[in-house]
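Chemist: For reference, this is input_15.cif, and it has mmCIF, C-alpha atoms.
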```cif
data_target
#
loop_
_atom_site.label_atom_id
_atom_site.label_comp_id
_atom_site.auth_asym_id
_atom_site.auth_seq_id
_atom_site.Cartn_x
_atom_site.Cartn_y
_atom_site.Cartn_z
CA MET A 11 91.88 84.18 52.97
CA GLY A 12 90.18 82.32 50.11
CA LEU A 13 89.06 78.73 50.37
CA THR A 14 88.96 76.98 53.72
CA LYS A 15 92.39 75.63 54.58
CA SER A 16 92.82 71.87 54.82
CA LEU A 17 94.00 69.98 57.88
CA ASP A 18 97.38 69.54 56.14
CA ASP A 19 97.63 73.31 55.60
CA ILE A 20 96.96 73.96 59.27
CA ASN A 21 99.29 71.24 60.55
CA SER A 22 102.08 72.51 58.31
CA VAL A 23 101.97 76.09 59.55
CA LEU A 24 101.56 75.01 63.20
CA ASP A 25 104.54 72.63 62.95
CA THR A 26 106.64 75.44 61.49
CA PHE A 27 105.56 77.78 64.27
CA SER A 28 106.43 75.22 66.96
CA ASP A 29 109.90 74.69 65.47
CA GLN A 30 110.46 78.44 65.31
CA ILE A 31 109.46 78.94 68.94
CA ALA A 32 112.07 76.35 69.88
CA GLU A 33 114.66 78.32 67.85
CA ILE A 34 113.71 81.59 69.53
CA ARG A 35 114.17 79.94 72.93
CA ASP A 36 117.70 79.01 71.84
CA GLN A 37 118.58 82.60 70.92
CA PRO A 38 119.56 83.90 74.41
CA ALA A 39 122.34 81.30 74.54
CA LYS A 40 123.46 82.41 71.06
CA VAL A 41 123.44 86.03 72.26
CA ASP A 42 125.68 85.07 75.17
CA GLU A 43 128.02 83.26 72.79
CA ALA A 44 128.19 86.24 70.40
CA PHE A 45 129.08 88.63 73.20
CA ARG A 46 131.58 86.12 74.61
CA ARG A 47 133.32 86.08 71.27
CA ALA A 48 133.11 89.88 71.11
CA ALA A 49 134.84 90.12 74.50
CA ILE A 50 137.61 87.84 73.29
CA ALA A 51 137.94 89.84 70.06
CA ALA A 52 138.09 93.09 72.04
CA ALA A 53 140.83 91.70 74.24
CA GLU A 54 142.72 90.52 71.16
CA VAL A 55 142.53 93.97 69.64
CA GLU A 56 143.67 95.61 72.84
CA GLY A 57 146.49 93.11 73.40
CA ALA A 58 147.72 93.33 69.82
CA SER A 59 147.86 97.13 69.92
CA VAL A 60 150.20 97.00 72.89
CA PHE A 61 152.21 93.78 72.60
CA GLY A 62 151.81 92.58 69.01
CA LEU A 63 151.07 88.92 68.16
CA VAL A 64 151.98 87.58 71.60
CA GLY A 65 149.77 90.20 73.17
CA ALA A 66 146.88 89.20 70.92
CA VAL A 67 147.08 85.61 72.12
CA ALA A 68 147.33 86.72 75.73
CA GLY A 69 144.45 89.11 75.21
CA ALA A 70 142.25 86.35 73.82
CA VAL A 71 142.93 84.19 76.85
CA TYR A 72 142.20 87.12 79.15
CA GLY A 73 138.98 87.92 77.30
CA SER A 74 137.80 84.33 77.60
CA ILE A 75 138.46 84.29 81.33
CA THR A 76 136.81 87.66 82.00
CA GLU A 77 133.84 87.40 79.63
CA ASP A 78 131.31 87.68 82.47
CA ASP A 79 132.88 90.99 83.46
CA PHE A 80 132.33 92.46 80.01
CA THR A 81 130.58 95.59 81.24
CA GLY A 82 129.50 98.95 79.90
CA TYR A 83 127.76 99.52 76.58
CA MET A 84 128.14 95.95 75.35
CA GLN A 85 127.00 94.24 78.55
CA GLU A 86 123.94 96.47 78.85
CA HIS A 87 122.93 95.80 75.28
CA LYS A 88 123.46 92.08 75.64
CA GLU A 89 120.85 92.11 78.37
CA ALA A 90 118.63 94.42 76.32
CA ILE A 91 118.63 91.96 73.39
CA LYS A 92 117.87 89.02 75.69
CA LYS A 93 115.01 90.95 77.28
CA LYS A 94 113.60 91.67 73.82
CA ILE A 95 113.72 87.97 73.00
CA GLN A 96 111.88 87.16 76.22
CA GLU A 97 109.34 89.89 75.46
CA LEU A 98 108.69 88.32 72.07
CA LEU A 99 108.20 84.90 73.66
CA ASP A 100 105.78 86.44 76.16
CA LYS A 101 103.78 88.05 73.35
CA LEU A 102 103.61 84.73 71.51
CA GLN A 103 102.68 82.66 74.58
CA SER A 104 98.94 82.82 73.87
CA ALA A 105 99.65 81.58 70.33
CA VAL A 106 101.69 78.71 71.80
CA ASP A 107 98.87 77.86 74.21
CA SER A 108 96.31 77.89 71.37
CA LEU A 109 98.18 75.66 68.93
CA LYS A 110 95.51 72.93 68.95
CA ALA A 111 92.56 75.31 68.53
CA PRO A 112 92.59 75.69 64.69
CA ILE A 113 92.64 71.91 64.27
CA ALA A 114 89.78 71.48 66.74
CA PHE A 115 87.71 74.16 64.98
CA LEU A 116 88.26 72.59 61.55
CA ARG A 117 87.44 69.08 62.76
CA THR A 118 84.27 70.35 64.44
CA SER A 119 83.35 72.14 61.20
CA GLU A 120 83.86 68.88 59.32
CA ALA A 121 81.69 67.06 61.88
CA TRP A 122 78.81 69.45 61.13
CA THR A 123 79.32 68.88 57.40
CA THR A 124 79.27 65.12 57.98
CA LEU A 125 76.05 65.46 59.98
CA LYS A 126 74.49 67.40 57.11
CA GLY A 127 75.45 64.54 54.79
CA LYS A 128 73.77 62.00 57.07
CA ILE A 129 70.60 64.08 57.19
CA GLY A 130 70.69 64.46 53.40
CA GLU A 131 71.12 60.71 53.03
CA ALA A 132 68.05 60.08 55.18
CA GLN A 133 66.12 62.72 53.28
CA ASN A 134 67.01 61.20 49.92
CA ASN A 135 65.90 57.80 51.14
CA GLU A 136 62.58 59.30 52.22
CA VAL A 137 62.13 61.04 48.86
CA VAL A 138 62.84 57.88 46.88
CA ASN A 139 61.08 55.35 49.07
CA GLY A 140 58.51 57.35 50.99
CA SER A 141 56.19 58.48 48.24
CA ILE A 142 52.69 56.94 48.23
CA THR A 143 51.40 58.81 45.20
CA GLY A 144 49.41 56.41 43.04
CA TYR A 145 49.34 53.74 45.72
CA TRP A 146 47.35 55.22 48.58
CA ALA A 147 44.55 57.75 48.87
CA GLY A 148 42.01 59.01 51.38
CA ALA A 149 42.26 60.53 54.86
CA ALA A 150 45.07 58.23 55.94
CA ALA A 151 47.13 59.11 52.89
CA LEU A 152 46.60 62.82 53.49
CA LYS A 153 47.63 62.49 57.13
CA TYR A 154 50.74 60.54 56.14
CA THR A 155 51.64 63.07 53.45
CA ALA A 156 51.31 65.97 55.90
CA ALA A 157 53.60 64.22 58.39
CA ARG A 158 56.04 63.35 55.63
CA THR A 159 56.15 66.97 54.43
CA LEU A 160 56.80 68.18 57.97
CA GLN A 161 59.67 65.69 58.34
CA ASP A 162 61.14 66.88 55.04
CA THR A 163 60.86 70.54 56.11
CA THR A 164 62.56 69.77 59.41
CA MET A 165 65.43 68.03 57.64
CA ASP A 166 65.90 71.11 55.42
CA SER A 167 66.07 73.30 58.52
CA ALA A 168 68.57 70.95 60.18
CA LYS A 169 70.81 70.92 57.10
CA SER A 170 70.74 74.72 57.00
CA THR A 171 71.90 74.85 60.62
CA CYS A 172 74.70 72.40 59.81
CA ASP A 173 75.83 74.62 56.93
CA LYS A 174 75.90 77.73 59.10
CA MET A 175 77.79 76.07 61.95
CA ALA A 176 80.31 74.43 59.60
CA ASP A 177 80.93 77.74 57.83
CA ALA A 178 81.34 79.74 61.06
CA LEU A 179 83.78 77.22 62.55
CA ALA A 180 85.76 76.95 59.30
CA LYS A 181 86.13 80.73 59.23
CA ILE A 182 87.53 80.66 62.78
CA SER A 183 90.03 78.00 61.69
CA ASP A 184 90.99 80.07 58.63
CA THR A 185 91.41 83.18 60.79
CA ALA A 186 93.78 81.31 63.07
CA TRP A 187 95.68 79.91 60.05
CA ASP A 188 96.07 83.45 58.69
CA PHE A 189 97.46 84.59 62.06
CA TYR A 190 100.03 81.79 62.32
CA SER A 191 101.03 82.17 58.66
CA LYS A 192 101.91 85.83 59.17
CA ILE A 193 103.77 85.07 62.38
CA VAL A 194 105.91 82.29 60.87
CA THR A 195 106.85 84.52 57.93
CA ASP A 196 108.00 87.24 60.32
CA ILE A 197 109.86 84.84 62.59
CA ALA A 198 111.67 83.27 59.63
CA ASP A 199 112.89 86.75 58.65
CA LEU A 200 113.74 87.50 62.29
CA LEU A 201 115.90 84.41 62.72
CA ILE A 202 117.91 85.22 59.59
CA LYS A 203 118.44 88.88 60.50
CA LEU A 204 119.13 88.13 64.16
CA GLY A 205 121.75 85.57 63.12
CA LYS A 206 123.47 88.20 60.95
CA ALA A 207 123.31 90.75 63.79
CA LEU A 208 124.90 88.33 66.25
CA ALA A 209 127.64 87.57 63.73
CA LYS A 210 128.43 91.30 63.60
CA ILE A 211 128.46 91.49 67.39
CA ALA A 212 130.89 88.58 67.61
CA THR A 213 133.48 90.51 65.57
CA PHE A 214 133.47 93.32 68.18
CA ILE A 215 134.41 95.83 65.49
CA ALA A 216 130.87 95.77 64.01
CA ALA A 217 129.23 95.12 67.37
CA PRO A 218 127.40 98.48 67.69
CA VAL A 219 125.75 97.90 64.30
CA GLY A 220 124.88 94.33 65.26
CA VAL A 221 123.32 95.45 68.53
CA SER A 222 121.21 98.04 66.72
CA ASP A 223 120.13 95.54 64.06
CA ALA A 224 119.15 92.93 66.67
CA ILE A 225 117.07 95.32 68.74
CA ASP A 226 115.39 96.79 65.64
CA VAL A 227 114.34 93.46 64.14
CA LEU A 228 113.11 92.13 67.49
CA GLY A 229 111.13 95.31 68.08
CA LYS A 230 109.50 95.04 64.65
CA VAL A 231 108.43 91.43 65.14
CA ILE A 232 107.10 92.20 68.64
CA SER A 233 105.06 95.06 67.20
CA ASN A 234 103.70 92.84 64.42
CA ALA A 235 102.87 90.07 66.89
CA VAL A 236 100.80 92.51 68.93
CA GLU A 237 99.04 93.75 65.77
CA TYR A 238 98.29 90.24 64.51
CA THR A 239 97.05 89.12 67.92
CA ASP A 240 94.75 92.13 68.17
CA LYS A 241 93.27 91.35 64.75
CA LEU A 242 92.89 87.69 65.66
CA VAL A 243 91.04 88.51 68.88
CA LYS A 244 88.68 90.88 67.06
CA ALA A 245 88.01 88.29 64.34
CA LEU A 246 87.34 85.57 66.90
CA ILE A 247 84.94 87.85 68.79
CA THR A 248 83.06 88.48 65.54
CA GLN A 249 82.86 84.76 64.79
CA ARG A 250 81.76 84.02 68.35
CA GLU A 251 78.93 86.49 67.89
CA SER A 252 78.01 84.75 64.65
CA ILE A 253 77.87 81.37 66.37
CA THR A 254 75.77 82.87 69.16
CA LYS A 255 73.32 84.20 66.57
CA ILE A 256 73.22 80.80 64.90
CA ASP A 257 72.53 79.18 68.25
CA GLU A 258 69.75 81.66 68.92
CA SER A 259 68.27 81.11 65.46
CA LYS A 260 67.80 77.42 66.23
CA THR A 261 64.87 78.34 68.47
CA ASN A 262 61.57 77.43 66.79
CA GLN A 263 63.08 76.67 63.41
CA LYS A 264 60.69 75.77 60.64
CA GLY A 265 59.43 72.26 61.26
CA PHE A 266 60.63 72.09 64.89
CA LEU A 267 57.41 72.52 66.86
CA ASN A 268 58.30 73.43 70.47
CA ASN A 269 61.97 72.98 69.45
CA ARG A 270 61.49 69.24 69.01
CA TRP A 271 61.84 67.01 66.00
CA PRO A 272 58.34 66.27 64.66
CA ARG A 273 56.77 62.95 65.55
CA SER A 274 56.47 60.37 62.81
CA THR A 275 53.07 59.10 61.66
CA SER A 276 53.75 55.76 63.34
CA ASP A 277 53.43 57.50 66.71
CA ASP A 278 49.81 58.34 65.92
CA PHE A 279 48.80 54.98 64.47
CA ASN A 280 47.75 52.04 66.61
CA ILE A 281 46.72 48.96 64.69
CA ASN A 282 44.87 47.63 67.74
CA SER A 283 42.83 50.81 68.09
CA PRO A 284 41.76 51.96 64.62
CA ASN A 285 41.04 55.63 64.12
CA SER A 286 38.78 56.99 61.37
CA GLU A 287 41.59 59.34 60.30
CA TRP A 288 43.63 56.30 59.37
CA GLN A 289 41.06 54.61 57.14
CA ALA A 290 42.69 53.53 53.90
CA THR A 291 40.87 53.58 50.55
#
```
Using structure tokens, write down the structure from this file.
Modeler:
Amino acid sequence: MGLTKSLDDINSVLDTFSDQIAEIRDQPAKVDEAFRRAAIAAAEVEGASVFGLVGAVAGAVYGSITEDDFTGYMQEHKEAIKKKIQELLDKLQSAVDSLKAPIAFLRTSEAWTTLKGKIGEAQNNEVVNGSITGYWAGAAALKYTAARTLQDTTMDSAKSTCDKMADALAKISDTAWDFYSKIVTDIADLLIKLGKALAKIATFIAAPVGVSDAIDVLGKVISNAVEYTDKLVKALITQRESITKIDESKTNQKGFLNNRWPRSTSDDFNINSPNSEWQAT
């Protein structure tokens, strides 16, 4: 998948997918229209063979009136195509329901990265402004230095956790982007080929070929949707396990005594109750 996809990348593919779903939902009506035109064309052919031009006109009118009674091979396959379209929509329903997930994962990943930056900013401030070397010595200085080192260690541990969480969540977002990208490519091809198949059906003469083409392309996309979904689920399970391991690894991280951020030296110092450990020299 390469580099982590940007929010624009994700929004683009999700917008395309949403538009395509709307187009798929329009297809049953287009199927009905194609078969309606096929019925009219069939009646024209039949009328023309018997009565010539006048018969063709009469046949077209008859076909238009009786289109709902267009039975047999054509009627059965009209319903078969519409059922395939509904089956595809059913297979893609989970993808429709999860449209906002990749964006949420990426934004959460970015939040962890932002948190790491804030910790790094605090750490840099401590490094630049917290040193007492050359200014302070003795027991108090040693105690301060030990506390300062512990704080620095804890910040390193926290930044490491931020990195791991950001990376895991970004990978989930990328996995979802990969899934939707494959789906939209297939659906784009489907809509083109299905349109051509319906055009063949509408002529009546090429209807059997159009029916076969429509069912074949729908079947292929349904099969791919199932395959992509299966891979997506497996990838998400793997990433969920990774996040669980990260969560477990947060227990007793270096610097987090009893899973708590270490106390600062100011907590131990009381100016009104001097302690020998805090004697300055």
Chemist: Which of these, A:Trp122, A:Phe214, A:Trp146, A:Tyr238, has the shortest distance to Phe189 of chain A once you count all atoms listed in the file?
Modeler: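 Looking only at the distances to Phe189 of chain A, the closest residue turns out to be A:Tyr238.
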Chemist: Taking into account only C-alpha atoms, which residue in the set A:Leu204, A:Ile256, A:Ala186, A:Lys15 is nearest to Ala105 of chain A?
Modeler: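 Answer, going by the shortest atom-to-atom distance: A:Ala186.
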Chemist: Measuring between all atoms listed in the file, which one of A:Asn134, A:Leu152, A:Ile20, A:Thr159 shows the shortest distance to Ala180 of chain A?
Modeler: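 Of A:Asn134, A:Leu152, A:Ile20, A:Thr159, the one nearest Ala180 of chain A, counting all atoms listed in the file, is A:Ile20.
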Chemist: Atom CA of Ala111 of chain A and atom CA of Val243 of chain A, how far apart in Å?
Modeler: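 A separation of 13.3 Å between them.
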Chemist: In terms of the shortest atom-to-atom distance over all atoms listed in the file, which of A:Gln96, A:Ser191, A:Thr143, A:Thr163 is closest to Ser22 of chain A?
Modeler: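 Among A:Gln96, A:Ser191, A:Thr143, A:Thr163, it is A:Ser191 that comes nearest to Ser22 of chain A.
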Chemist: How far is it from atom CA of Thr118 of chain A to atom CA of Leu246 of chain A, in Å with one decimal?
Modeler: 15.7 Å
Chemist: Go through A:Thr14, A:Ser222, A:Thr254, A:Ser233 and flag the residue nearest Asp188 of chain A, using only C-alpha atoms for the distances.
Modeler: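 Of the candidates, the smallest distance to Asp188 of chain A is held by A:Thr14.
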Chemist: Run the PyMOL selection byres ((chain A and resi 162) around 12) mentally over the shown coordinates, then write out the matched residues as a ChimeraX atom specification, using the chain letters and numbers from the document.
Modeler: /A:129-137,140-141,155-161,163-169,264-266,271-272,274
Chemist: Selection from above, C-alpha atoms, as a PDB file, in the frame of the given file, can you write it?
Modeler:
```
ATOM      1  CA  ILE A 129      70.600  64.080  57.190  1.00  0.00           C
ATOM      2  CA  GLY A 130      70.690  64.460  53.400  1.00  0.00           C
ATOM      3  CA  GLU A 131      71.120  60.710  53.030  1.00  0.00           C
ATOM      4  CA  ALA A 132      68.050  60.080  55.180  1.00  0.00           C
ATOM      5  CA  GLN A 133      66.120  62.720  53.280  1.00  0.00           C
ATOM      6  CA  ASN A 134      67.010  61.200  49.920  1.00  0.00           C
ATOM      7  CA  ASN A 135      65.900  57.800  51.140  1.00  0.00           C
ATOM      8  CA  GLU A 136      62.580  59.300  52.220  1.00  0.00           C
ATOM      9  CA  VAL A 137      62.130  61.040  48.860  1.00  0.00           C
ATOM     10  CA  GLY A 140      58.510  57.350  50.990  1.00  0.00           C
ATOM     11  CA  SER A 141      56.190  58.480  48.240  1.00  0.00           C
ATOM     12  CA  THR A 155      51.640  63.070  53.450  1.00  0.00           C
ATOM     13  CA  ALA A 156      51.310  65.970  55.900  1.00  0.00           C
ATOM     14  CA  ALA A 157      53.600  64.220  58.390  1.00  0.00           C
ATOM     15  CA  ARG A 158      56.040  63.350  55.630  1.00  0.00           C
ATOM     16  CA  THR A 159      56.150  66.970  54.430  1.00  0.00           C
ATOM     17  CA  LEU A 160      56.800  68.180  57.970  1.00  0.00           C
ATOM     18  CA  GLN A 161      59.670  65.690  58.340  1.00  0.00           C
ATOM     19  CA  THR A 163      60.860  70.540  56.110  1.00  0.00           C
ATOM     20  CA  THR A 164      62.560  69.770  59.410  1.00  0.00           C
ATOM     21  CA  MET A 165      65.430  68.030  57.640  1.00  0.00           C
ATOM     22  CA  ASP A 166      65.900  71.110  55.420  1.00  0.00           C
ATOM     23  CA  SER A 167      66.070  73.300  58.520  1.00  0.00           C
ATOM     24  CA  ALA A 168      68.570  70.950  60.180  1.00  0.00           C
ATOM     25  CA  LYS A 169      70.810  70.920  57.100  1.00  0.00           C
ATOM     26  CA  LYS A 264      60.690  75.770  60.640  1.00  0.00           C
ATOM     27  CA  GLY A 265      59.430  72.260  61.260  1.00  0.00           C
ATOM     28  CA  PHE A 266      60.630  72.090  64.890  1.00  0.00           C
ATOM     29  CA  TRP A 271      61.840  67.010  66.000  1.00  0.00           C
ATOM     30  CA  PRO A 272      58.340  66.270  64.660  1.00  0.00           C
ATOM     31  CA  SER A 274      56.470  60.370  62.810  1.00  0.00           C
TER      32      SER A 274
END
```
Chemist: So how many Å separate atom CA of Lys153 of chain A and atom CA of Gln263 of chain A, to one decimal?
Modeler: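 Separating atom CA of Lys153 of chain A from atom CA of Gln263 of chain A is a distance of 21.9 Å.
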Chemist: Name the residues captured by the PyMOL selection byres ((chain A and resi 192) around 12) when it is applied to the shown file; answer as a list in words.
Modeler: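 On this input, the PyMOL selection byres ((chain A and resi 192) around 12) captures Met11, Val23, Leu24, Thr26, Phe27, Thr185, Ala186, Trp187, Asp188, Phe189, Tyr190, Ser191, Ile193, Val194, Thr195, Asp196, Ile197, Ala198, Asp199, Val231, Asn234, Ala235, Val236, Glu237, Tyr238, Thr239, Lys241 and Leu242 of chain A.
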Chemist: Hey, what's within 8 Å of Ile211 of chain A if we count all atoms listed in the file and toss same-chain stuff fewer than 2 positions away? As an mmCIF file with C-alpha atoms, keeping the file's coordinate frame, please?
Modeler:
```cif
data_model
loop_
_atom_site.group_PDB
_atom_site.id
_atom_site.type_symbol
_atom_site.label_atom_id
_atom_site.label_comp_id
_atom_site.auth_asym_id
_atom_site.auth_seq_id
_atom_site.Cartn_x
_atom_site.Cartn_y
_atom_site.Cartn_z
ATOM 1 C CA ALA A 44 128.190 86.240 70.400
ATOM 2 C CA PHE A 45 129.080 88.630 73.200
ATOM 3 C CA ALA A 48 133.110 89.880 71.110
ATOM 4 C CA ALA A 207 123.310 90.750 63.790
ATOM 5 C CA LEU A 208 124.900 88.330 66.250
ATOM 6 C CA ALA A 209 127.640 87.570 63.730
ATOM 7 C CA THR A 213 133.480 90.510 65.570
ATOM 8 C CA PHE A 214 133.470 93.320 68.180
ATOM 9 C CA ILE A 215 134.410 95.830 65.490
ATOM 10 C CA ALA A 216 130.870 95.770 64.010
ATOM 11 C CA ALA A 217 129.230 95.120 67.370
ATOM 12 C CA PRO A 218 127.400 98.480 67.690
ATOM 13 C CA VAL A 219 125.750 97.900 64.300
ATOM 14 C CA GLY A 220 124.880 94.330 65.260
ATOM 15 C CA VAL A 221 123.320 95.450 68.530
#
```
Chemist: Using all atoms listed in the file, which residue out of A:Asp223, A:Asp18, A:Glu97, A:Asp42 lies closest to Lys206 of chain A?
Modeler: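 Answer, going by the shortest atom-to-atom distance: A:Asp223.
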Chemist: List the spatial neighbours of Ala176 of chain A as a PyMOL selection string - criterion: any atom at most 9 Å away, all atoms listed in the file, same-chain residues fewer than 5 positions off excluded.
Modeler: chain A and resi 116+118-123+171+181
Chemist: Within 9 Å of Val106 of chain A, counting only C-alpha atoms, which residues show up once you throw out same-chain ones fewer than 3 positions away? Write them as a PyMOL selection string, please.
Modeler: chain A and resi 27-28+31+102-103+109-110
